[in-house]
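Please read the structure below before turning to the comments.
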Amino acid sequence: MKIVFLGTGTSTGNPEIGCQCEVCTSKDPRDWRLRASILVETEGKRILIDCGPDFRWQMITNKIYHFDAVLVTHEHYDHVGGLDDLRPFGRYKDVDIYAEDNVVEAIKTRIPYVFREHKYPGVPNLVLHTIGTKPFEAAGVMITPIRVMHAKLPILGFRIGNMAYLTDLKYLPEEEYAKLENLDVLVIDALRKGEHQSHESLEEALANISRIQPKEAYLIHMSHRIGLHAVVEKELPPHVHYSYDGLTVTF
């Protein structure tokens, strides 16, 4: 299995507009973060998780020319804002998108021209598949949804093989931990140092990693308030990694 970290930043991205902090003015490219998304390659298939407003540039810079399915964690703009840019991927076949029913309705509301009976030429050819919390197949790959609480908003994480992806996490319902046993890789939200109302702090992420006990863990969805990559990476346990845009992990 291979994971490509397409974006590792929070909703505002790094650098944040107008900010002059040490992270936003850093010359280290690892401190420049697009909105959170990963590409998973497994069983000969490519699965995109989330499609935010930086999607076009993520495809160009990583030279990604095809994938087989899109999983959507939730409806917030930083996770769905790039759906219209799926047009080139749907020229010769439909693009299959998997999301919960409320997210499906939100997508239809935001880009209604894509789903009209008589479509305007050139709109993306998207097929929306409604999923819940039961395992399902996408492009022939078995996916296990994980219920994640983003403050009071129920959203989804996903387990694919021995990898799990949990973004925008504040806490997990107790029964979901059983779905996260025996992981090789855990990708998990760590917004910043210090408490936040709807995201895990770095301290909370490390506590969850300690409980879940993956072989390796990668932090994602970081804001500029977490600190410089070169500094924070040295503060982490050996099996916990501060991910960055363009990082590729094979296992």
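To be explicit about the labels: the chains of the structure tokens are called A, B, and onward in the order shown, and within each one the residues are counted from 1, while ligands get numbers from 1 in the order they are shown.
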Contacts of Ala151 in chain A within 9 Å, only C-alpha atoms, excl. fewer than 4 positions in-chain, as number ranges by chain: A: 168-171, 197-199
Take the residues that were just selected and, keeping N, CA, C and O atoms, output them as a compact mmCIF listing (two decimals), in the first residue's frame.
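result36.txt, written as the output of this step:
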```txt
# COMPACT_ATOMS: atom_id res chain seq x y z
N ASP A 168 -10.22 15.86 11.01
CA ASP A 168 -11.23 16.70 11.67
C ASP A 168 -11.82 16.03 12.91
O ASP A 168 -13.01 16.12 13.20
N LEU A 169 -10.97 15.35 13.62
CA LEU A 169 -11.39 14.56 14.79
C LEU A 169 -11.31 15.39 16.07
O LEU A 169 -10.30 16.05 16.33
N LYS A 170 -12.38 15.37 16.85
CA LYS A 170 -12.33 15.86 18.22
C LYS A 170 -12.36 14.68 19.19
O LYS A 170 -11.58 14.63 20.13
N TYR A 171 -13.27 13.74 18.94
CA TYR A 171 -13.23 12.50 19.73
C TYR A 171 -13.90 11.38 18.97
O TYR A 171 -14.65 11.59 18.02
N GLN A 197 -12.03 23.61 20.02
CA GLN A 197 -13.40 23.13 20.21
C GLN A 197 -13.79 21.97 19.31
O GLN A 197 -14.63 21.14 19.67
N SER A 198 -13.20 21.85 18.13
CA SER A 198 -13.68 20.84 17.19
C SER A 198 -12.59 19.96 16.59
O SER A 198 -12.89 19.09 15.77
N HIS A 199 -11.35 20.17 16.97
CA HIS A 199 -10.24 19.35 16.49
C HIS A 199 -9.40 18.88 17.67
O HIS A 199 -9.30 19.56 18.69
```
Distance table requested - range 108-160 of chain A against range 75-87 of chain A, cut-off 8 Å, only C-alpha atoms: one row per qualifying residue with the closest atom pair and its distance in Å to one decimal, ordered by chain and rising residue number, as CSV.
```
residue,atom,partner,partner_atom,distance
A:Ile111,CA,A:Asp84,CA,7.8
A:Gly122,CA,A:Arg87,CA,7.2
A:Val123,CA,A:Arg87,CA,6.3
A:Pro124,CA,A:Arg87,CA,4.1
A:Asn125,CA,A:Arg87,CA,6.8
```
So which residues touch Ile47 in chain A within 10 Å, counting only C-alpha atoms, skipping near sequence neighbours fewer than 6 positions away, as a tab-separated table (two decimals) with N, CA and C atoms, in the first residue's frame?
```tsv
chain	number	residue	atom	x	y	z
A	3	ILE	N	0.64	5.65	0.37
A	3	ILE	CA	-0.13	6.85	0.66
A	3	ILE	C	0.66	8.05	0.17
A	38	ILE	N	-5.52	12.92	0.98
A	38	ILE	CA	-4.51	11.91	0.66
A	38	ILE	C	-4.99	11.05	-0.51
A	39	LEU	N	-4.03	10.41	-1.18
A	39	LEU	CA	-4.32	9.40	-2.20
A	39	LEU	C	-3.78	8.08	-1.70
A	40	VAL	N	-4.63	7.05	-1.71
A	40	VAL	CA	-4.26	5.72	-1.25
A	40	VAL	C	-4.18	4.79	-2.46
A	41	GLU	N	-3.08	4.10	-2.61
A	41	GLU	CA	-2.92	3.11	-3.67
A	41	GLU	C	-2.87	1.73	-3.04
A	66	HIS	N	-4.96	9.77	-12.87
A	66	HIS	CA	-6.19	8.98	-12.74
A	66	HIS	C	-6.33	8.47	-11.32
A	67	PHE	N	-7.56	8.20	-10.93
A	67	PHE	CA	-7.86	7.45	-9.71
A	67	PHE	C	-9.19	6.78	-9.92
A	68	ASP	N	-9.58	5.90	-9.00
A	68	ASP	CA	-10.72	5.03	-9.23
A	68	ASP	C	-11.95	5.34	-8.39
A	69	ALA	N	-11.80	6.11	-7.32
A	69	ALA	CA	-12.94	6.46	-6.47
A	69	ALA	C	-12.54	7.61	-5.56
A	70	VAL	N	-13.56	8.33	-5.07
A	70	VAL	CA	-13.36	9.43	-4.14
A	70	VAL	C	-14.19	9.16	-2.89
A	71	LEU	N	-13.55	9.19	-1.72
A	71	LEU	CA	-14.24	9.10	-0.44
A	71	LEU	C	-14.29	10.49	0.17
A	138	ALA	N	-15.45	0.21	-2.77
A	138	ALA	CA	-15.23	1.29	-3.72
A	138	ALA	C	-14.14	0.84	-4.67
A	139	ALA	N	-14.45	0.76	-5.94
A	139	ALA	CA	-13.51	0.27	-6.96
A	139	ALA	C	-13.00	-1.13	-6.61
A	141	VAL	N	-12.40	-2.28	-3.67
A	141	VAL	CA	-11.61	-2.27	-2.43
A	141	VAL	C	-12.56	-2.13	-1.25
A	160	ILE	N	-8.77	1.39	5.39
A	160	ILE	CA	-8.52	0.66	4.15
A	160	ILE	C	-7.37	-0.29	4.44
```
Could you pull out all residues of range 102-211 of chain A with a DSSP call of strand (DSSP E or B) and give them as number ranges by chain? A: 126-131, 136-138, 141-150, 153-160, 163-166, 171, 185-189, 192, 201
Can you pull out the residues contacting Asp101 in chain A? Cut-off 7 Å, using only C-alpha atoms, and skip same-chain residues under 3 positions away; I want them as a PyMOL selection string. chain A and resi 104-105+130-131
Judged by only C-alpha atoms, the minimum distance to Tyr242 in chain A among A:Ser201, A:Ser11, A:Arg30, A:Gln213 is found for A:Arg30
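With only C-alpha atoms as the atoms that count, the residue of A:Tyr98, A:Tyr113, A:Phe251, A:Phe158 with the shortest distance to His129 in chain A is A:Tyr98.
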With DSSP run on the backbone, what are the alpha helix (DSSP H) residues within range 11-151 of chain A? I'd like them as number ranges by chain. A: 55-61, 77-80, 101-110
Serialized selection, N, CA and C atoms, as an mmCIF file, in the first residue's frame:
```cif
data_model
loop_
_atom_site.group_PDB
_atom_site.id
_atom_site.type_symbol
_atom_site.label_atom_id
_atom_site.label_comp_id
_atom_site.auth_asym_id
_atom_site.auth_seq_id
_atom_site.Cartn_x
_atom_site.Cartn_y
_atom_site.Cartn_z
ATOM 1 N N PHE A 55 -7.357 20.974 -4.846
ATOM 2 C CA PHE A 55 -7.294 19.712 -5.585
ATOM 3 C C PHE A 55 -6.557 19.846 -6.911
ATOM 4 N N ARG A 56 -6.878 20.881 -7.700
ATOM 5 C CA ARG A 56 -6.256 21.020 -9.023
ATOM 6 C C ARG A 56 -4.740 21.067 -8.918
ATOM 7 N N TRP A 57 -4.234 21.890 -8.006
ATOM 8 C CA TRP A 57 -2.787 22.034 -7.874
ATOM 9 C C TRP A 57 -2.164 20.765 -7.303
ATOM 10 N N GLN A 58 -2.881 20.087 -6.425
ATOM 11 C CA GLN A 58 -2.378 18.836 -5.876
ATOM 12 C C GLN A 58 -2.189 17.791 -6.973
ATOM 13 N N MET A 59 -3.113 17.717 -7.921
ATOM 14 C CA MET A 59 -2.992 16.771 -9.026
ATOM 15 C C MET A 59 -1.823 17.122 -9.931
ATOM 16 N N ILE A 60 -1.657 18.416 -10.211
ATOM 17 C CA ILE A 60 -0.596 18.853 -11.110
ATOM 18 C C ILE A 60 0.773 18.622 -10.487
ATOM 19 N N THR A 61 0.952 19.026 -9.244
ATOM 20 C CA THR A 61 2.282 18.924 -8.627
ATOM 21 C C THR A 61 2.681 17.483 -8.338
ATOM 22 N N TYR A 77 -16.160 22.988 3.327
ATOM 23 C CA TYR A 77 -15.614 23.429 2.047
ATOM 24 C C TYR A 77 -14.176 22.967 1.820
ATOM 25 N N ASP A 78 -13.362 22.945 2.882
ATOM 26 C CA ASP A 78 -11.972 22.546 2.690
ATOM 27 C C ASP A 78 -11.825 21.071 2.349
ATOM 28 N N HIS A 79 -12.941 20.337 2.336
ATOM 29 C CA HIS A 79 -12.912 18.914 1.980
ATOM 30 C C HIS A 79 -13.688 18.589 0.700
ATOM 31 N N VAL A 80 -14.494 19.538 0.214
ATOM 32 C CA VAL A 80 -15.280 19.282 -1.000
ATOM 33 C C VAL A 80 -15.170 20.402 -2.036
ATOM 34 N N ASP A 101 -25.396 10.436 3.467
ATOM 35 C CA ASP A 101 -26.544 11.035 2.792
ATOM 36 C C ASP A 101 -26.600 12.547 2.951
ATOM 37 N N ASN A 102 -26.284 13.085 4.135
ATOM 38 C CA ASN A 102 -26.320 14.532 4.314
ATOM 39 C C ASN A 102 -25.245 15.229 3.485
ATOM 40 N N VAL A 103 -24.110 14.555 3.289
ATOM 41 C CA VAL A 103 -23.037 15.118 2.467
ATOM 42 C C VAL A 103 -23.427 15.070 0.994
ATOM 43 N N VAL A 104 -24.049 13.978 0.575
ATOM 44 C CA VAL A 104 -24.555 13.877 -0.796
ATOM 45 C C VAL A 104 -25.515 15.021 -1.093
ATOM 46 N N GLU A 105 -26.436 15.302 -0.183
ATOM 47 C CA GLU A 105 -27.396 16.394 -0.393
ATOM 48 C C GLU A 105 -26.692 17.740 -0.410
ATOM 49 N N ALA A 106 -25.694 17.925 0.432
ATOM 50 C CA ALA A 106 -24.947 19.184 0.447
ATOM 51 C C ALA A 106 -24.211 19.400 -0.873
ATOM 52 N N ILE A 107 -23.630 18.333 -1.418
ATOM 53 C CA ILE A 107 -22.930 18.442 -2.701
ATOM 54 C C ILE A 107 -23.910 18.820 -3.809
ATOM 55 N N LYS A 108 -25.064 18.189 -3.829
ATOM 56 C CA LYS A 108 -26.068 18.511 -4.846
ATOM 57 C C LYS A 108 -26.529 19.963 -4.747
ATOM 58 N N THR A 109 -26.615 20.463 -3.533
ATOM 59 C CA THR A 109 -27.056 21.844 -3.324
ATOM 60 C C THR A 109 -25.998 22.838 -3.787
ATOM 61 N N ARG A 110 -24.750 22.526 -3.564
ATOM 62 C CA ARG A 110 -23.675 23.467 -3.872
ATOM 63 C C ARG A 110 -23.318 23.510 -5.352
#
```
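Computed from the coordinates, the CA of Leu34 in chain A to CA of Gly7 in chain A distance equals 4.5 Å.
Using only C-alpha atoms, the residues found no farther than 10 Å from Tyr218 in chain A, other than those of its own chain fewer than 5 positions away, are Phe5, Tyr165, Val185, Leu186, Val187, Ile188, Asp189, Ala190, Ile209, His239, Val240, His241, Tyr242, Ser243, Tyr244 and Val249 of chain A.
Between CA of Cys51 in chain A and CA of Ala36 in chain A lies a distance of 8.5 Å.
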List the spatial neighbours of Leu156 in chain A as number ranges by chain - criterion: any atom at most 10 Å away, only C-alpha atoms, same-chain residues fewer than 5 positions off excluded. A: 71-74, 99-100, 132-133, 144-150, 165-169
What does the file look like for those residues with N, CA and C atoms, as a JSON list (two decimals), in the first residue's frame?
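Saved result, again.json, follows:
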```
[["chain", "number", "residue", "atom", "x", "y", "z"],
["A", 71, "LEU", "N", -13.55, 9.19, -1.72],
["A", 71, "LEU", "CA", -14.24, 9.10, -0.44],
["A", 71, "LEU", "C", -14.29, 10.49, 0.17],
["A", 72, "VAL", "N", -15.47, 10.88, 0.67],
["A", 72, "VAL", "CA", -15.62, 12.22, 1.27],
["A", 72, "VAL", "C", -15.93, 12.06, 2.75],
["A", 73, "THR", "N", -15.13, 12.71, 3.59],
["A", 73, "THR", "CA", -15.31, 12.59, 5.03],
["A", 73, "THR", "C", -16.48, 13.42, 5.54],
["A", 74, "HIS", "N", -16.66, 14.64, 4.98],
["A", 74, "HIS", "CA", -17.76, 15.51, 5.41],
["A", 74, "HIS", "C", -17.87, 16.68, 4.45],
["A", 99, "ALA", "N", -20.17, 9.09, -0.05],
["A", 99, "ALA", "CA", -20.35, 10.01, 1.08],
["A", 99, "ALA", "C", -21.66, 9.68, 1.78],
["A", 100, "GLU", "N", -21.78, 10.16, 3.03],
["A", 100, "GLU", "CA", -23.03, 9.98, 3.77],
["A", 100, "GLU", "C", -24.15, 10.78, 3.12],
["A", 132, "GLY", "N", -23.09, 4.60, 4.67],
["A", 132, "GLY", "CA", -23.34, 4.81, 6.09],
["A", 132, "GLY", "C", -22.12, 4.38, 6.87],
["A", 133, "THR", "N", -22.35, 3.71, 7.97],
["A", 133, "THR", "CA", -21.24, 3.27, 8.82],
["A", 133, "THR", "C", -20.91, 1.79, 8.63],
["A", 144, "THR", "N", -13.89, 0.38, 5.43],
["A", 144, "THR", "CA", -14.62, 0.38, 6.70],
["A", 144, "THR", "C", -14.75, 1.81, 7.21],
["A", 145, "PRO", "N", -15.96, 2.38, 7.24],
["A", 145, "PRO", "CA", -16.14, 3.72, 7.78],
["A", 145, "PRO", "C", -15.93, 3.73, 9.29],
["A", 146, "ILE", "N", -15.38, 4.82, 9.78],
["A", 146, "ILE", "CA", -15.17, 5.03, 11.21],
["A", 146, "ILE", "C", -15.96, 6.28, 11.60],
["A", 147, "ARG", "N", -16.85, 6.16, 12.57],
["A", 147, "ARG", "CA", -17.58, 7.34, 13.03],
["A", 147, "ARG", "C", -16.66, 8.25, 13.83],
["A", 148, "VAL", "N", -16.58, 9.48, 13.38],
["A", 148, "VAL", "CA", -15.73, 10.49, 14.00],
["A", 148, "VAL", "C", -16.61, 11.66, 14.40],
["A", 149, "MET", "N", -16.34, 12.24, 15.56],
["A", 149, "MET", "CA", -17.08, 13.42, 15.98],
["A", 149, "MET", "C", -16.20, 14.66, 15.80],
["A", 150, "HIS", "N", -16.68, 15.56, 14.95],
["A", 150, "HIS", "CA", -16.02, 16.84, 14.66],
["A", 150, "HIS", "C", -16.78, 17.88, 15.47],
["A", 165, "TYR", "N", -7.61, 6.58, 8.29],
["A", 165, "TYR", "CA", -7.49, 8.03, 8.07],
["A", 165, "TYR", "C", -8.58, 8.72, 8.88],
["A", 166, "LEU", "N", -8.17, 9.52, 9.86],
["A", 166, "LEU", "CA", -9.10, 10.21, 10.75],
["A", 166, "LEU", "C", -8.79, 11.70, 10.73],
["A", 167, "THR", "N", -9.52, 12.46, 9.93],
["A", 167, "THR", "CA", -9.33, 13.90, 9.88],
["A", 167, "THR", "C", -10.45, 14.60, 10.64],
["A", 168, "ASP", "N", -10.22, 15.86, 11.01],
["A", 168, "ASP", "CA", -11.23, 16.70, 11.67],
["A", 168, "ASP", "C", -11.82, 16.03, 12.91],
["A", 169, "LEU", "N", -10.97, 15.35, 13.62],
["A", 169, "LEU", "CA", -11.39, 14.56, 14.79],
["A", 169, "LEU", "C", -11.31, 15.39, 16.07]]
```
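Between CA of Tyr65 in chain A and CA of Arg46 in chain A there is a distance of 10.5 Å.
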Residues at most 10 Å from Glu203 in chain A, counting only C-alpha atoms, excluding those fewer than 2 positions away in the same chain, as an NGL selection string? :A and (190-195 or 200-201 or 205-209)
